[in-house]
Amino acid sequence: MLAKEEIERGLNTRLIGRKTFVFETIDSTNACTKTLGDAGMEEGAVVLAEFQTTGRGRHGRSWLAQPGQNLLFSVLLRPAIPKDLSGLLTLYASVAVARAVESMTGCAIECKWPNDLLLNGKKFCGILLENVFQQGELSYSVIGVGINVNQTEFPSELELRATSLARECRSTYDRAHLLQLILHEMDSLYDDVRRGKLESVSKEWSARCTMFGQEVSVEQHHTIISGVAVKLHYDGGLVLDTPSGTTTIYAGDVTIVG
Ligand code: BTN
């Protein structure tokens, strides 16, 4: 099991991960971090678990991960950013994870809108951002990160879409070290992010996204929108050119057509 001391040793971040909570089993690290947020915990706290009984994914889905093989953690942040920019925190976390994974594995990482990271076209990481507002202001954010690290077997229904670092890069990885690299990246990017300066994160995320200029279909609440993915909107939405005009979408599952 990952040990708190192993994670904290060698972590010289200014803010992120200065306080860590490590569990063998928990319901969901996002749920736990929300409890900390409600209780007034200072930002930068990290909650990590080896196994989640009710790990959460987007759209009420579950996040399934074998115990002791992966990275499942959440970070509590309290950035002073306007409500309309709060969705960009997903991109911030994506860029931090992509940089860290690339430096550890040497493999190129692709970002897929809105919250996935891909290796060789398959998803190895999902990010679940949960923002909590009070009187119209962002009170705190929970950024939940699930990374398939050393797991090599997946349920048959995920086999075609899911992967792990071990599977793609043919090596096993030191999870504590990878977590430290991610927290360092988050820490160094956070100086700008906390003040609402998210342009460079959006730019780096866009450079890692291969869907721009491509025909995509987006499934949203049982409806499908088709069009060409043009760019990221300033607030993190996806701008699409559709037969009926340009539109910006904020949720959905995107598939590149063809
Ligand atoms: C998705 O792709 O749907 C997002 C998945 C996010 C999963 C992570 S695992 C750690 C954290 N705790 C949760 O309950 N969910 C996130």
# chains A, B, ... in the order shown; residues from 1 in each chain; ligands from 1
>>> residues_near_ligand(ligand="ligand 1", cutoff="10 Å", atoms="only C-alpha atoms and all ligand atoms", output="count of residues only")
52
>>> select_by_dssp(residues="range 31-102 of chain A", states="strand (DSSP E)", output="PyMOL selection string")
chain A and resi 46-52+71-77
>>> closest_residue(among="A:Ser206, A:Gln180, A:Gln66, A:Asn120", to="Gly17 in chain A", atoms="only C-alpha atoms")
A:Gln180
>>> closest_residue(among="A:Ala93, A:Leu76, A:Leu15, A:Leu238", to="Gly40 in chain A", atoms="only C-alpha atoms")
A:Leu76
>>> select_by_dssp(residues="range 6-236 of chain A", states="helix (DSSP H, G or I)", output="ChimeraX atom specification")
/A:6-8,29-38,58-60,83-105,165-169,175-193,199-207
>>> residues_around(residues="Tyr173 in chain A", least_positions_apart="3", cutoff="10 Å", atoms="only C-alpha atoms", output="MDAnalysis selection string")
chainID A and resid 69:70 104:105 149:150 165:166 169:170 176:178
>>> residues_around(residues="Asn12 in chain A", least_positions_apart="3", cutoff="12 Å", atoms="only C-alpha atoms", output="PyMOL selection string")
chain A and resi 7-9+15-19+180-181+183-185+187-188
>>> write_last_selection(atoms="all heavy atoms", output="short mmCIF file (atom, residue, chain, number, x, y, z; two decimals), in the first residue's frame")
data_model
loop_
_atom_site.label_atom_id
_atom_site.label_comp_id
_atom_site.auth_asym_id
_atom_site.auth_seq_id
_atom_site.Cartn_x
_atom_site.Cartn_y
_atom_site.Cartn_z
N ILE A 7 4.85 9.26 0.27
CA ILE A 7 4.36 10.33 -0.62
C ILE A 7 4.94 11.67 -0.19
O ILE A 7 5.40 12.47 -1.02
CB ILE A 7 2.81 10.37 -0.59
CG1 ILE A 7 2.25 9.10 -1.20
CG2 ILE A 7 2.29 11.61 -1.32
CD1 ILE A 7 0.80 8.86 -0.91
N GLU A 8 4.94 11.91 1.12
CA GLU A 8 5.35 13.23 1.62
C GLU A 8 6.86 13.43 1.54
O GLU A 8 7.34 14.56 1.36
CB GLU A 8 4.85 13.43 3.05
CG GLU A 8 3.33 13.65 3.06
CD GLU A 8 2.75 13.81 4.45
OE1 GLU A 8 3.47 13.56 5.43
OE2 GLU A 8 1.56 14.15 4.54
N ARG A 9 7.60 12.30 1.66
CA ARG A 9 9.06 12.39 1.56
C ARG A 9 9.42 12.79 0.12
O ARG A 9 8.93 12.20 -0.83
CB ARG A 9 9.67 11.02 1.87
CG ARG A 9 11.10 11.10 2.35
CD ARG A 9 11.72 9.70 2.52
NE ARG A 9 10.88 8.73 3.20
CZ ARG A 9 10.53 7.55 2.69
NH1 ARG A 9 10.94 7.17 1.50
NH2 ARG A 9 9.77 6.72 3.38
N LEU A 15 2.26 24.28 -1.79
CA LEU A 15 0.88 24.23 -1.30
C LEU A 15 0.24 22.85 -1.48
O LEU A 15 -0.34 22.30 -0.54
CB LEU A 15 0.07 25.29 -2.09
CG LEU A 15 -1.38 25.41 -1.70
CD1 LEU A 15 -1.51 26.18 -0.40
CD2 LEU A 15 -2.16 26.12 -2.80
N ILE A 16 0.36 22.33 -2.69
CA ILE A 16 -0.41 21.12 -3.02
C ILE A 16 0.26 19.88 -2.43
O ILE A 16 1.40 19.59 -2.72
CB ILE A 16 -0.59 21.00 -4.53
CG1 ILE A 16 -1.21 22.32 -4.99
CG2 ILE A 16 -1.40 19.77 -4.90
CD1 ILE A 16 -2.10 22.37 -6.09
N GLY A 17 -0.48 19.20 -1.58
CA GLY A 17 0.04 18.00 -0.94
C GLY A 17 0.76 18.26 0.36
O GLY A 17 1.37 17.35 0.93
N ARG A 18 0.69 19.48 0.85
CA ARG A 18 1.33 19.74 2.15
C ARG A 18 0.58 18.98 3.24
O ARG A 18 1.12 18.70 4.30
CB ARG A 18 1.40 21.24 2.48
CG ARG A 18 2.20 22.10 1.51
CD ARG A 18 3.47 21.44 0.99
NE ARG A 18 4.47 21.15 2.00
CZ ARG A 18 5.47 20.28 1.85
NH1 ARG A 18 5.59 19.60 0.73
NH2 ARG A 18 6.33 20.09 2.81
N LYS A 19 -0.68 18.71 3.00
CA LYS A 19 -1.45 17.86 3.90
C LYS A 19 -2.00 16.69 3.08
O LYS A 19 -2.64 16.93 2.05
CB LYS A 19 -2.60 18.67 4.48
CG LYS A 19 -2.85 18.34 5.92
CD LYS A 19 -3.77 19.29 6.61
CE LYS A 19 -3.16 19.69 7.93
NZ LYS A 19 -3.66 20.93 8.45
N GLN A 180 3.97 12.32 -6.89
CA GLN A 180 4.79 13.48 -6.54
C GLN A 180 5.01 14.38 -7.76
O GLN A 180 4.92 15.61 -7.67
CB GLN A 180 6.14 13.03 -5.97
CG GLN A 180 6.01 12.45 -4.58
CD GLN A 180 7.26 11.70 -4.14
OE1 GLN A 180 8.11 11.36 -4.97
NE2 GLN A 180 7.35 11.41 -2.87
N LEU A 181 5.29 13.75 -8.90
CA LEU A 181 5.50 14.55 -10.13
C LEU A 181 4.24 15.34 -10.48
O LEU A 181 4.31 16.52 -10.85
CB LEU A 181 5.86 13.64 -11.31
CG LEU A 181 7.22 12.94 -11.27
CD1 LEU A 181 7.34 11.98 -12.47
CD2 LEU A 181 8.35 13.95 -11.32
N LEU A 183 1.81 16.30 -8.42
CA LEU A 183 1.56 17.36 -7.43
C LEU A 183 2.53 18.53 -7.65
O LEU A 183 2.15 19.69 -7.48
CB LEU A 183 1.64 16.82 -6.00
CG LEU A 183 0.63 15.70 -5.67
CD1 LEU A 183 0.75 15.28 -4.20
CD2 LEU A 183 -0.82 16.12 -5.96
N HIS A 184 3.75 18.23 -8.06
CA HIS A 184 4.70 19.31 -8.38
C HIS A 184 4.21 20.14 -9.56
O HIS A 184 4.27 21.37 -9.54
CB HIS A 184 6.09 18.75 -8.71
CG HIS A 184 6.92 18.50 -7.50
ND1 HIS A 184 7.47 17.28 -7.20
CD2 HIS A 184 7.26 19.32 -6.48
CE1 HIS A 184 8.13 17.37 -6.06
NE2 HIS A 184 8.01 18.58 -5.60
N GLU A 185 3.73 19.46 -10.59
CA GLU A 185 3.22 20.19 -11.77
C GLU A 185 2.01 21.04 -11.38
O GLU A 185 1.89 22.19 -11.81
CB GLU A 185 2.83 19.22 -12.90
CG GLU A 185 3.99 18.49 -13.54
CD GLU A 185 4.97 19.40 -14.29
OE1 GLU A 185 4.68 20.60 -14.49
OE2 GLU A 185 6.05 18.91 -14.67
N ASP A 187 1.34 22.24 -8.49
CA ASP A 187 1.81 23.31 -7.61
C ASP A 187 2.41 24.46 -8.43
O ASP A 187 2.13 25.63 -8.19
CB ASP A 187 2.87 22.73 -6.68
CG ASP A 187 3.05 23.54 -5.41
OD1 ASP A 187 2.06 23.67 -4.66
OD2 ASP A 187 4.16 24.04 -5.18
N SER A 188 3.22 24.09 -9.44
CA SER A 188 3.88 25.18 -10.18
C SER A 188 2.89 25.90 -11.10
O SER A 188 3.01 27.11 -11.30
CB SER A 188 5.12 24.69 -10.92
OG SER A 188 4.74 23.78 -11.90
#
>>> closest_residue(among="A:Gly227, A:Pro155, A:Gly37, A:Pro67", to="Thr248 in chain A", atoms="only C-alpha atoms")
A:Gly227
>>> closest_atom_pairs(of="range 8-125 of chain A", to="range 208-215 of chain A", cutoff="7 Å", atoms="only C-alpha atoms", output="Markdown table")
| residue | atom | partner | partner_atom | distance |
| --- | --- | --- | --- | --- |
| A:Glu110 | CA | A:Arg208 | CA | 5.1 |
| A:Cys111 | CA | A:Cys209 | CA | 4.8 |
| A:Lys112 | CA | A:Cys209 | CA | 5.9 |
>>> residues_around(residues="Thr247 in chain A", least_positions_apart="5", cutoff="10 Å", atoms="only C-alpha atoms", output="list in words")
Ile225, Gly227, Ala229, Val230, Gly237, Leu238, Val239, Leu240, Asp241 and Thr242 of chain A
>>> atom_distance(atom1="CA of Gln134 in chain A", atom2="CA of Ala39 in chain A")
13.9 Å
>>> atom_distance(atom1="CA of Pro82 in chain A", atom2="CA of Lys231 in chain A")
21.2 Å
